[in-house]
$ cat query-v7.txt   # compact mmCIF, N, CA and C atoms
# COMPACT_ATOMS: atom_id res chain seq x y z
N MET C 132 -142.71 -25.18 -116.50
CA MET C 132 -142.29 -23.84 -116.86
C MET C 132 -143.45 -23.13 -117.57
N LYS C 133 -143.72 -21.93 -117.14
CA LYS C 133 -144.78 -21.13 -117.72
C LYS C 133 -144.20 -20.18 -118.77
N PHE C 134 -144.89 -20.06 -119.90
CA PHE C 134 -144.45 -19.17 -120.97
C PHE C 134 -145.38 -17.97 -121.02
N GLU C 135 -144.82 -16.79 -120.90
CA GLU C 135 -145.60 -15.55 -120.98
C GLU C 135 -145.28 -14.86 -122.31
N LYS C 136 -146.23 -14.92 -123.21
CA LYS C 136 -145.96 -14.35 -124.54
C LYS C 136 -145.73 -12.84 -124.48
N GLU C 137 -146.34 -12.16 -123.54
CA GLU C 137 -146.18 -10.71 -123.46
C GLU C 137 -144.82 -10.28 -122.93
N THR C 138 -144.03 -11.23 -122.43
CA THR C 138 -142.66 -10.92 -122.01
C THR C 138 -141.65 -11.66 -122.88
N SER C 139 -142.10 -12.24 -123.97
CA SER C 139 -141.23 -12.96 -124.89
C SER C 139 -140.83 -12.05 -126.05
N ALA C 140 -139.54 -11.73 -126.14
CA ALA C 140 -139.06 -10.88 -127.23
C ALA C 140 -139.39 -11.50 -128.58
N GLY C 141 -139.17 -12.80 -128.70
CA GLY C 141 -139.44 -13.49 -129.97
C GLY C 141 -140.90 -13.37 -130.38
N TYR C 142 -141.80 -13.61 -129.43
CA TYR C 142 -143.23 -13.51 -129.73
C TYR C 142 -143.59 -12.08 -130.15
N LEU C 143 -143.14 -11.11 -129.36
CA LEU C 143 -143.50 -9.72 -129.65
C LEU C 143 -142.92 -9.24 -130.98
N VAL C 144 -141.67 -9.59 -131.26
CA VAL C 144 -141.06 -9.18 -132.53
C VAL C 144 -141.80 -9.82 -133.70
N ASN C 145 -142.15 -11.11 -133.56
CA ASN C 145 -142.87 -11.79 -134.62
C ASN C 145 -144.24 -11.17 -134.83
N HIS C 146 -144.93 -10.86 -133.75
CA HIS C 146 -146.25 -10.24 -133.85
C HIS C 146 -146.15 -8.87 -134.53
N MET C 147 -145.16 -8.09 -134.10
CA MET C 147 -144.98 -6.77 -134.70
C MET C 147 -144.62 -6.91 -136.18
N ALA C 148 -143.77 -7.87 -136.52
CA ALA C 148 -143.38 -8.07 -137.92
C ALA C 148 -144.59 -8.43 -138.78
N ARG C 149 -145.49 -9.26 -138.24
CA ARG C 149 -146.69 -9.61 -139.00
C ARG C 149 -147.57 -8.38 -139.23
N LEU C 150 -147.68 -7.52 -138.22
CA LEU C 150 -148.47 -6.30 -138.37
C LEU C 150 -147.84 -5.35 -139.39
N PHE C 151 -146.52 -5.20 -139.32
CA PHE C 151 -145.81 -4.38 -140.32
C PHE C 151 -146.06 -4.95 -141.72
N ALA C 152 -145.89 -6.27 -141.87
CA ALA C 152 -146.04 -6.91 -143.17
C ALA C 152 -147.46 -6.74 -143.71
N LYS C 153 -148.44 -6.90 -142.84
CA LYS C 153 -149.84 -6.75 -143.27
C LYS C 153 -150.10 -5.34 -143.79
N GLU C 154 -149.62 -4.35 -143.07
CA GLU C 154 -149.84 -2.96 -143.51
C GLU C 154 -149.03 -2.64 -144.76
N LEU C 155 -147.79 -3.12 -144.81
CA LEU C 155 -146.97 -2.88 -146.01
C LEU C 155 -147.62 -3.53 -147.23
N GLN C 156 -148.12 -4.76 -147.07
CA GLN C 156 -148.78 -5.45 -148.19
C GLN C 156 -149.96 -4.64 -148.71
N HIS C 157 -150.72 -4.10 -147.79
CA HIS C 157 -151.87 -3.27 -148.18
C HIS C 157 -151.42 -2.08 -149.03
N ARG C 158 -150.28 -1.49 -148.67
CA ARG C 158 -149.83 -0.28 -149.36
C ARG C 158 -149.06 -0.54 -150.65
N ILE C 159 -148.41 -1.71 -150.76
CA ILE C 159 -147.63 -1.97 -151.98
C ILE C 159 -148.36 -2.83 -153.00
N ALA C 160 -149.47 -3.42 -152.61
CA ALA C 160 -150.23 -4.25 -153.56
C ALA C 160 -150.59 -3.49 -154.83
N PRO C 161 -151.03 -2.22 -154.73
CA PRO C 161 -151.34 -1.49 -155.97
C PRO C 161 -150.14 -1.30 -156.89
N LEU C 162 -148.93 -1.49 -156.37
CA LEU C 162 -147.71 -1.33 -157.18
C LEU C 162 -147.33 -2.63 -157.88
N GLY C 163 -148.10 -3.70 -157.62
CA GLY C 163 -147.79 -4.99 -158.22
C GLY C 163 -146.70 -5.76 -157.49
N ILE C 164 -146.51 -5.43 -156.22
CA ILE C 164 -145.48 -6.07 -155.40
C ILE C 164 -146.16 -6.77 -154.23
N VAL C 165 -145.62 -7.93 -153.86
CA VAL C 165 -146.10 -8.59 -152.64
C VAL C 165 -145.02 -8.51 -151.58
N VAL C 166 -145.43 -8.59 -150.34
CA VAL C 166 -144.52 -8.34 -149.22
C VAL C 166 -143.34 -9.33 -149.20
N GLY C 167 -143.53 -10.55 -149.67
CA GLY C 167 -142.44 -11.52 -149.69
C GLY C 167 -141.33 -11.15 -150.66
N GLN C 168 -141.66 -10.33 -151.66
CA GLN C 168 -140.67 -9.88 -152.64
C GLN C 168 -139.92 -8.65 -152.16
N PHE C 169 -140.46 -7.97 -151.18
CA PHE C 169 -139.94 -6.66 -150.78
C PHE C 169 -138.47 -6.70 -150.34
N PRO C 170 -138.05 -7.64 -149.48
CA PRO C 170 -136.63 -7.65 -149.10
C PRO C 170 -135.70 -7.86 -150.29
N ILE C 171 -136.12 -8.69 -151.24
CA ILE C 171 -135.32 -8.93 -152.44
C ILE C 171 -135.24 -7.66 -153.28
N LEU C 172 -136.39 -7.02 -153.47
CA LEU C 172 -136.40 -5.77 -154.24
C LEU C 172 -135.56 -4.69 -153.58
N LEU C 173 -135.62 -4.60 -152.25
CA LEU C 173 -134.79 -3.60 -151.56
C LEU C 173 -133.32 -3.79 -151.89
N GLU C 174 -132.87 -5.04 -151.91
CA GLU C 174 -131.47 -5.32 -152.23
C GLU C 174 -131.18 -5.04 -153.70
N LEU C 175 -132.07 -5.47 -154.59
CA LEU C 175 -131.84 -5.27 -156.02
C LEU C 175 -131.96 -3.81 -156.43
N TRP C 176 -132.79 -3.04 -155.74
CA TRP C 176 -132.87 -1.61 -156.03
C TRP C 176 -131.55 -0.91 -155.67
N LEU C 177 -130.83 -1.46 -154.70
CA LEU C 177 -129.52 -0.90 -154.36
C LEU C 177 -128.47 -1.33 -155.38
N LYS C 178 -128.53 -2.61 -155.77
CA LYS C 178 -127.56 -3.14 -156.72
C LYS C 178 -128.11 -4.42 -157.31
N ASP C 179 -128.34 -4.41 -158.61
CA ASP C 179 -128.77 -5.65 -159.26
C ASP C 179 -127.59 -6.24 -160.01
N GLY C 180 -127.84 -7.34 -160.70
CA GLY C 180 -126.74 -8.05 -161.33
C GLY C 180 -125.94 -8.85 -160.32
N VAL C 181 -126.65 -9.36 -159.31
CA VAL C 181 -126.03 -10.14 -158.24
C VAL C 181 -126.48 -11.60 -158.34
N THR C 182 -125.78 -12.47 -157.63
CA THR C 182 -126.13 -13.88 -157.63
C THR C 182 -127.15 -14.17 -156.53
N GLN C 183 -127.76 -15.33 -156.64
CA GLN C 183 -128.68 -15.77 -155.59
C GLN C 183 -127.93 -15.90 -154.26
N LYS C 184 -126.71 -16.36 -154.32
CA LYS C 184 -125.89 -16.50 -153.10
C LYS C 184 -125.67 -15.13 -152.45
N ASP C 185 -125.43 -14.11 -153.27
CA ASP C 185 -125.27 -12.75 -152.75
C ASP C 185 -126.53 -12.31 -151.99
N LEU C 186 -127.67 -12.57 -152.60
CA LEU C 186 -128.94 -12.20 -151.95
C LEU C 186 -129.15 -12.97 -150.65
N LEU C 187 -128.84 -14.25 -150.67
CA LEU C 187 -129.01 -15.07 -149.47
C LEU C 187 -128.27 -14.49 -148.29
N GLY C 188 -127.07 -14.00 -148.54
CA GLY C 188 -126.26 -13.44 -147.47
C GLY C 188 -126.79 -12.15 -146.90
N LYS C 189 -127.70 -11.53 -147.60
CA LYS C 189 -128.21 -10.23 -147.15
C LYS C 189 -129.60 -10.29 -146.52
N ILE C 190 -130.42 -11.26 -146.91
CA ILE C 190 -131.82 -11.18 -146.45
C ILE C 190 -132.23 -12.26 -145.45
N ASP C 191 -131.34 -13.17 -145.10
CA ASP C 191 -131.61 -14.13 -144.03
C ASP C 191 -132.89 -14.94 -144.21
N VAL C 192 -133.04 -15.55 -145.37
CA VAL C 192 -134.14 -16.49 -145.59
C VAL C 192 -133.53 -17.82 -146.03
N GLU C 193 -134.33 -18.84 -146.01
CA GLU C 193 -133.88 -20.14 -146.47
C GLU C 193 -133.64 -20.11 -147.98
N GLN C 194 -132.69 -20.91 -148.43
CA GLN C 194 -132.35 -20.96 -149.85
C GLN C 194 -133.56 -21.33 -150.69
N ALA C 195 -134.33 -22.31 -150.23
CA ALA C 195 -135.51 -22.74 -150.99
C ALA C 195 -136.55 -21.64 -151.09
N THR C 196 -136.73 -20.89 -150.02
CA THR C 196 -137.68 -19.77 -150.02
C THR C 196 -137.26 -18.72 -151.03
N LEU C 197 -135.98 -18.38 -151.01
CA LEU C 197 -135.47 -17.39 -151.97
C LEU C 197 -135.63 -17.90 -153.40
N ALA C 198 -135.27 -19.15 -153.64
CA ALA C 198 -135.38 -19.71 -154.99
C ALA C 198 -136.82 -19.67 -155.48
N ASN C 199 -137.76 -20.05 -154.64
CA ASN C 199 -139.18 -20.03 -155.03
C ASN C 199 -139.66 -18.60 -155.31
N THR C 200 -139.25 -17.67 -154.46
CA THR C 200 -139.67 -16.28 -154.66
C THR C 200 -139.07 -15.72 -155.95
N LEU C 201 -137.81 -16.02 -156.20
CA LEU C 201 -137.18 -15.55 -157.45
C LEU C 201 -137.85 -16.17 -158.67
N ASN C 202 -138.23 -17.43 -158.58
CA ASN C 202 -138.95 -18.06 -159.70
C ASN C 202 -140.26 -17.35 -159.98
N ARG C 203 -141.00 -17.01 -158.93
CA ARG C 203 -142.27 -16.28 -159.11
C ARG C 203 -142.02 -14.88 -159.66
N MET C 204 -140.97 -14.24 -159.17
CA MET C 204 -140.65 -12.90 -159.67
C MET C 204 -140.26 -12.93 -161.14
N GLU C 205 -139.55 -13.96 -161.54
CA GLU C 205 -139.20 -14.10 -162.96
C GLU C 205 -140.45 -14.36 -163.78
N ARG C 206 -141.30 -15.24 -163.30
CA ARG C 206 -142.56 -15.55 -163.99
C ARG C 206 -143.41 -14.29 -164.16
N ASP C 207 -143.40 -13.43 -163.13
CA ASP C 207 -144.21 -12.21 -163.15
C ASP C 207 -143.53 -11.04 -163.85
N GLY C 208 -142.36 -11.27 -164.42
CA GLY C 208 -141.68 -10.23 -165.18
C GLY C 208 -140.97 -9.19 -164.35
N LEU C 209 -140.63 -9.51 -163.09
CA LEU C 209 -139.97 -8.54 -162.22
C LEU C 209 -138.44 -8.64 -162.28
N ILE C 210 -137.95 -9.83 -162.58
CA ILE C 210 -136.51 -10.03 -162.71
C ILE C 210 -136.21 -10.83 -163.97
N LYS C 211 -134.97 -10.77 -164.39
CA LYS C 211 -134.48 -11.66 -165.44
C LYS C 211 -133.14 -12.18 -164.95
N ARG C 212 -132.78 -13.35 -165.44
CA ARG C 212 -131.52 -13.97 -165.04
C ARG C 212 -130.65 -14.14 -166.28
N THR C 213 -129.36 -13.90 -166.09
CA THR C 213 -128.39 -14.10 -167.16
C THR C 213 -127.24 -14.95 -166.62
N LYS C 214 -126.51 -15.55 -167.53
CA LYS C 214 -125.36 -16.35 -167.12
C LYS C 214 -124.32 -15.43 -166.49
N ASN C 215 -123.67 -15.95 -165.47
CA ASN C 215 -122.60 -15.22 -164.81
C ASN C 215 -121.30 -15.49 -165.58
N PRO C 216 -120.70 -14.48 -166.18
CA PRO C 216 -119.48 -14.72 -166.94
C PRO C 216 -118.32 -15.21 -166.08
N ALA C 217 -118.37 -14.93 -164.78
CA ALA C 217 -117.30 -15.35 -163.89
C ALA C 217 -117.49 -16.76 -163.33
N ASP C 218 -118.73 -17.29 -163.41
CA ASP C 218 -119.01 -18.61 -162.86
C ASP C 218 -120.17 -19.22 -163.65
N ALA C 219 -119.86 -20.19 -164.48
CA ALA C 219 -120.86 -20.79 -165.36
C ALA C 219 -121.99 -21.47 -164.60
N ARG C 220 -121.76 -21.81 -163.34
CA ARG C 220 -122.80 -22.48 -162.53
C ARG C 220 -123.81 -21.49 -161.95
N ALA C 221 -123.46 -20.23 -161.93
CA ALA C 221 -124.32 -19.22 -161.29
C ALA C 221 -124.97 -18.32 -162.34
N GLN C 222 -126.05 -17.71 -161.91
CA GLN C 222 -126.75 -16.74 -162.75
C GLN C 222 -126.77 -15.40 -162.03
N LEU C 223 -126.83 -14.34 -162.80
CA LEU C 223 -126.96 -13.00 -162.25
C LEU C 223 -128.43 -12.59 -162.32
N ILE C 224 -128.88 -11.92 -161.30
CA ILE C 224 -130.28 -11.52 -161.18
C ILE C 224 -130.37 -10.01 -161.44
N TRP C 225 -131.23 -9.68 -162.38
CA TRP C 225 -131.39 -8.28 -162.80
C TRP C 225 -132.85 -7.87 -162.67
N LEU C 226 -133.07 -6.63 -162.30
CA LEU C 226 -134.42 -6.07 -162.28
C LEU C 226 -134.88 -5.78 -163.70
N THR C 227 -136.15 -5.96 -163.93
CA THR C 227 -136.74 -5.49 -165.18
C THR C 227 -137.29 -4.08 -164.92
N GLU C 228 -137.67 -3.42 -165.98
CA GLU C 228 -138.27 -2.09 -165.83
C GLU C 228 -139.53 -2.17 -164.98
N LYS C 229 -140.27 -3.26 -165.11
CA LYS C 229 -141.50 -3.45 -164.33
C LYS C 229 -141.22 -3.41 -162.83
N ALA C 230 -140.08 -3.94 -162.41
CA ALA C 230 -139.71 -3.94 -160.99
C ALA C 230 -139.01 -2.66 -160.59
N ALA C 231 -138.29 -2.05 -161.51
CA ALA C 231 -137.56 -0.82 -161.19
C ALA C 231 -138.50 0.38 -161.06
N ALA C 232 -139.53 0.41 -161.86
CA ALA C 232 -140.43 1.57 -161.92
C ALA C 232 -141.08 1.95 -160.59
N PRO C 233 -141.58 0.99 -159.80
CA PRO C 233 -142.29 1.39 -158.58
C PRO C 233 -141.39 1.64 -157.37
N ARG C 234 -140.06 1.68 -157.57
CA ARG C 234 -139.14 1.82 -156.44
C ARG C 234 -139.48 2.98 -155.52
N ASP C 235 -139.59 4.17 -156.05
CA ASP C 235 -139.81 5.34 -155.20
C ASP C 235 -141.15 5.27 -154.46
N SER C 236 -142.17 4.78 -155.14
CA SER C 236 -143.48 4.62 -154.50
C SER C 236 -143.43 3.56 -153.41
N ALA C 237 -142.67 2.50 -153.64
CA ALA C 237 -142.53 1.45 -152.63
C ALA C 237 -141.76 1.95 -151.42
N TYR C 238 -140.69 2.71 -151.67
CA TYR C 238 -139.95 3.32 -150.56
C TYR C 238 -140.87 4.21 -149.73
N GLU C 239 -141.66 5.01 -150.42
CA GLU C 239 -142.58 5.91 -149.72
C GLU C 239 -143.59 5.13 -148.90
N ALA C 240 -144.13 4.07 -149.46
CA ALA C 240 -145.09 3.23 -148.72
C ALA C 240 -144.45 2.65 -147.46
N ALA C 241 -143.23 2.15 -147.58
CA ALA C 241 -142.54 1.57 -146.43
C ALA C 241 -142.23 2.63 -145.38
N GLN C 242 -141.81 3.80 -145.83
CA GLN C 242 -141.52 4.88 -144.89
C GLN C 242 -142.79 5.32 -144.16
N ASN C 243 -143.91 5.32 -144.85
CA ASN C 243 -145.17 5.70 -144.21
C ASN C 243 -145.62 4.66 -143.20
N VAL C 244 -145.43 3.37 -143.51
CA VAL C 244 -145.75 2.32 -142.54
C VAL C 244 -144.89 2.50 -141.30
N ASN C 245 -143.60 2.71 -141.51
CA ASN C 245 -142.70 2.92 -140.37
C ASN C 245 -143.11 4.13 -139.54
N ALA C 246 -143.38 5.23 -140.20
CA ALA C 246 -143.75 6.46 -139.49
C ALA C 246 -145.04 6.26 -138.69
N ASP C 247 -146.02 5.62 -139.31
CA ASP C 247 -147.29 5.37 -138.61
C ASP C 247 -147.09 4.45 -137.41
N ALA C 248 -146.34 3.38 -137.61
CA ALA C 248 -146.15 2.39 -136.54
C ALA C 248 -145.34 2.98 -135.39
N LEU C 249 -144.31 3.74 -135.71
CA LEU C 249 -143.43 4.27 -134.67
C LEU C 249 -143.89 5.62 -134.14
N GLY C 250 -145.02 6.08 -134.63
CA GLY C 250 -145.56 7.37 -134.19
C GLY C 250 -145.89 7.41 -132.71
N VAL C 251 -146.02 6.28 -132.07
CA VAL C 251 -146.31 6.23 -130.63
C VAL C 251 -145.06 6.47 -129.79
N LEU C 252 -143.89 6.53 -130.45
CA LEU C 252 -142.62 6.74 -129.75
C LEU C 252 -142.10 8.15 -130.02
N SER C 253 -141.36 8.69 -129.06
CA SER C 253 -140.70 9.97 -129.27
C SER C 253 -139.54 9.77 -130.26
N VAL C 254 -138.98 10.85 -130.74
CA VAL C 254 -137.86 10.77 -131.67
C VAL C 254 -136.70 10.02 -131.00
N ALA C 255 -136.41 10.33 -129.76
CA ALA C 255 -135.32 9.66 -129.04
C ALA C 255 -135.64 8.18 -128.84
N GLU C 256 -136.88 7.86 -128.52
CA GLU C 256 -137.26 6.46 -128.34
C GLU C 256 -137.15 5.68 -129.65
N ARG C 257 -137.52 6.32 -130.76
CA ARG C 257 -137.39 5.67 -132.07
C ARG C 257 -135.94 5.32 -132.36
N ALA C 258 -135.05 6.28 -132.12
CA ALA C 258 -133.63 6.05 -132.37
C ALA C 258 -133.11 4.92 -131.49
N GLN C 259 -133.52 4.91 -130.24
CA GLN C 259 -133.10 3.85 -129.31
C GLN C 259 -133.66 2.50 -129.73
N PHE C 260 -134.92 2.48 -130.12
CA PHE C 260 -135.58 1.26 -130.57
C PHE C 260 -134.87 0.68 -131.79
N MET C 261 -134.56 1.54 -132.75
CA MET C 261 -133.87 1.09 -133.96
C MET C 261 -132.48 0.55 -133.61
N ASP C 262 -131.78 1.23 -132.70
CA ASP C 262 -130.47 0.76 -132.26
C ASP C 262 -130.58 -0.61 -131.60
N TYR C 263 -131.55 -0.79 -130.73
CA TYR C 263 -131.74 -2.09 -130.06
C TYR C 263 -132.02 -3.19 -131.08
N MET C 264 -132.86 -2.89 -132.06
CA MET C 264 -133.17 -3.91 -133.06
C MET C 264 -131.93 -4.27 -133.88
N ARG C 265 -131.18 -3.28 -134.33
CA ARG C 265 -129.96 -3.55 -135.11
C ARG C 265 -128.96 -4.36 -134.30
N ARG C 266 -128.79 -4.01 -133.03
CA ARG C 266 -127.85 -4.76 -132.18
C ARG C 266 -128.32 -6.19 -131.97
N THR C 267 -129.61 -6.38 -131.79
CA THR C 267 -130.14 -7.73 -131.61
C THR C 267 -129.93 -8.55 -132.87
N ILE C 268 -130.22 -7.98 -134.02
CA ILE C 268 -130.01 -8.67 -135.30
C ILE C 268 -128.54 -9.03 -135.46
N ASP C 269 -127.65 -8.08 -135.21
CA ASP C 269 -126.22 -8.35 -135.33
C ASP C 269 -125.79 -9.47 -134.39
N GLY C 270 -126.31 -9.44 -133.16
CA GLY C 270 -125.97 -10.48 -132.20
C GLY C 270 -126.46 -11.84 -132.63
N MET C 271 -127.66 -11.89 -133.17
CA MET C 271 -128.20 -13.17 -133.62
C MET C 271 -127.44 -13.69 -134.84
N ARG C 272 -127.05 -12.80 -135.74
CA ARG C 272 -126.29 -13.21 -136.91
C ARG C 272 -124.92 -13.76 -136.53
N SER C 273 -124.32 -13.17 -135.51
CA SER C 273 -122.98 -13.60 -135.12
C SER C 273 -123.03 -14.78 -134.15
N GLY C 274 -124.22 -15.13 -133.69
CA GLY C 274 -124.35 -16.25 -132.76
C GLY C 274 -124.01 -15.87 -131.34
N SER C 275 -123.88 -14.58 -131.09
CA SER C 275 -123.51 -14.11 -129.76
C SER C 275 -124.68 -14.31 -128.80
N THR C 276 -124.36 -14.87 -127.65
CA THR C 276 -125.38 -15.02 -126.61
C THR C 276 -125.16 -14.03 -125.49
N ASP C 277 -124.07 -13.28 -125.56
CA ASP C 277 -123.76 -12.31 -124.51
C ASP C 277 -123.81 -10.91 -125.08
N ALA C 278 -125.02 -10.44 -125.32
CA ALA C 278 -125.20 -9.11 -125.92
C ALA C 278 -124.69 -8.02 -125.01
N ALA C 279 -124.73 -8.25 -123.71
CA ALA C 279 -124.31 -7.24 -122.76
C ALA C 279 -122.79 -7.00 -122.80
N SER C 280 -122.04 -7.93 -123.37
CA SER C 280 -120.58 -7.78 -123.40
C SER C 280 -120.15 -6.61 -124.26
N SER C 281 -121.01 -6.12 -125.14
CA SER C 281 -120.65 -5.01 -126.01
C SER C 281 -120.84 -3.66 -125.32
N GLU C 282 -121.38 -3.68 -124.12
CA GLU C 282 -121.60 -2.40 -123.42
C GLU C 282 -120.42 -2.03 -122.55
$ encode --input "query-v7.txt" --output "structure tokens"
Amino acid sequence: MKFEKETSAGYLVNHMARLFAKELQHRIAPLGIVVGQFPILLELWLKDGVTQKDLLGKIDVEQATLANTLNRMERDGLIKRTKNPADARAQLIWLTEKAAAPRDSAYEAAQNVNADALGVLSVAERAQFMDYMRRTIDGMRSGSTDAASSE
């Protein structure tokens, strides 16, 4: 069996994700943020005071990866953890001012990366592309192998 990377959705998505990450890292580094923290910050900027389990359900990374990233973020003063009053075994994760302050600049950096990357597409193509990506993600999360059944 021959594998053609240029016709492999997985290869192309991974390649594109690395390019997005590289450019985003370049733009957010001056804010004191690294690209591996960005998905966590996006969730915490929406709502902090959540558990690690809550974050896991939203960002689709391995538990160990999330735990290591949160440990580094705590070490770097970006988050603090407090006991969860509802569950003594769990901790709540809170943003510090250091992590909250660059939110708008980080959003702007991400929006600029997106605009630059998708600038090769028309407005209609961008909307279609985003829809295809969301549907693919939803299908993969649900374990669906028959994406066409939703049409």
$ closest_atom_pairs --input "query-v7.txt" --of "segment 138-200 of chain C" --to "segment 229-236 of chain C" --cutoff "8 Å" --atoms "only N, CA and C atoms" --output "CSV"
residue,atom,partner,partner_atom,distance
C:Arg158,C,C:Ser236,C,7.5
C:Ile159,CA,C:Ser236,C,7.1
C:Leu162,CA,C:Pro233,CA,6.2
C:Gly163,N,C:Pro233,CA,7.8
C:Leu172,CA,C:Ala230,C,7.5
C:Leu175,C,C:Ala231,CA,7.9
C:Trp176,CA,C:Ala231,CA,7.0
$ axis_aligned_box --input "query-v7.txt" --around "segment 212-219 of chain C" --padding-each-side "6 Å" --output "AutoDock Vina command-line options"
--center_x -125.0 --center_y -17.4 --center_z -165.2 --size_x 27.5 --size_y 20.1 --size_z 16.7
$ closest_residue --input "query-v7.txt" --among "C:Ala241, C:Val144, C:Ala255, C:Ile210" --to "Glu228 of chain C" --atoms "all atoms listed in the file"
C:Ile210
$ closest_residue --input "query-v7.txt" --among "C:Leu223, C:Ala152, C:Ala237, C:Val254" --to "Lys211 of chain C" --atoms "all atoms listed in the file"
C:Leu223
$ atom_distance --input "query-v7.txt" --atom1 "atom C of Gln222 of chain C" --atom2 "atom CA of Phe169 of chain C"
19.4 Å
$ atom_distance --input "query-v7.txt" --atom1 "atom C of Leu177 of chain C" --atom2 "atom C of Arg149 of chain C"
26.0 Å
$ closest_residue --input "query-v7.txt" --among "C:Lys178, C:Ile164, C:Ser139, C:Met132" --to "Gly208 of chain C" --atoms "only C-alpha atoms"
C:Ile164
$ atom_distance --input "query-v7.txt" --atom1 "atom CA of Ile224 of chain C" --atom2 "atom C of Val181 of chain C"
4.7 Å
$ select_by_dssp --input "query-v7.txt" --residues "chain C" --states "alpha helix (DSSP H)" --output "number ranges by chain"
C: 140-159, 169-177, 183-190, 194-206, 228-231, 234-249, 254-273
$ select_by_dssp --input "query-v7.txt" --residues "segment 154-260 of chain C" --states "strand (DSSP E)" --output "list of chain:residue names"
C:Ile210, C:Lys211, C:Arg212, C:Thr213, C:Lys214, C:Asn215, C:Asp218, C:Ala219, C:Arg220, C:Ala221, C:Gln222, C:Leu223, C:Ile224, C:Trp225, C:Leu226
$ closest_residue --input "query-v7.txt" --among "C:Glu174, C:Asp191, C:Glu137, C:Asp179" --to "Ile268 of chain C" --atoms "only C-alpha atoms"
C:Asp191
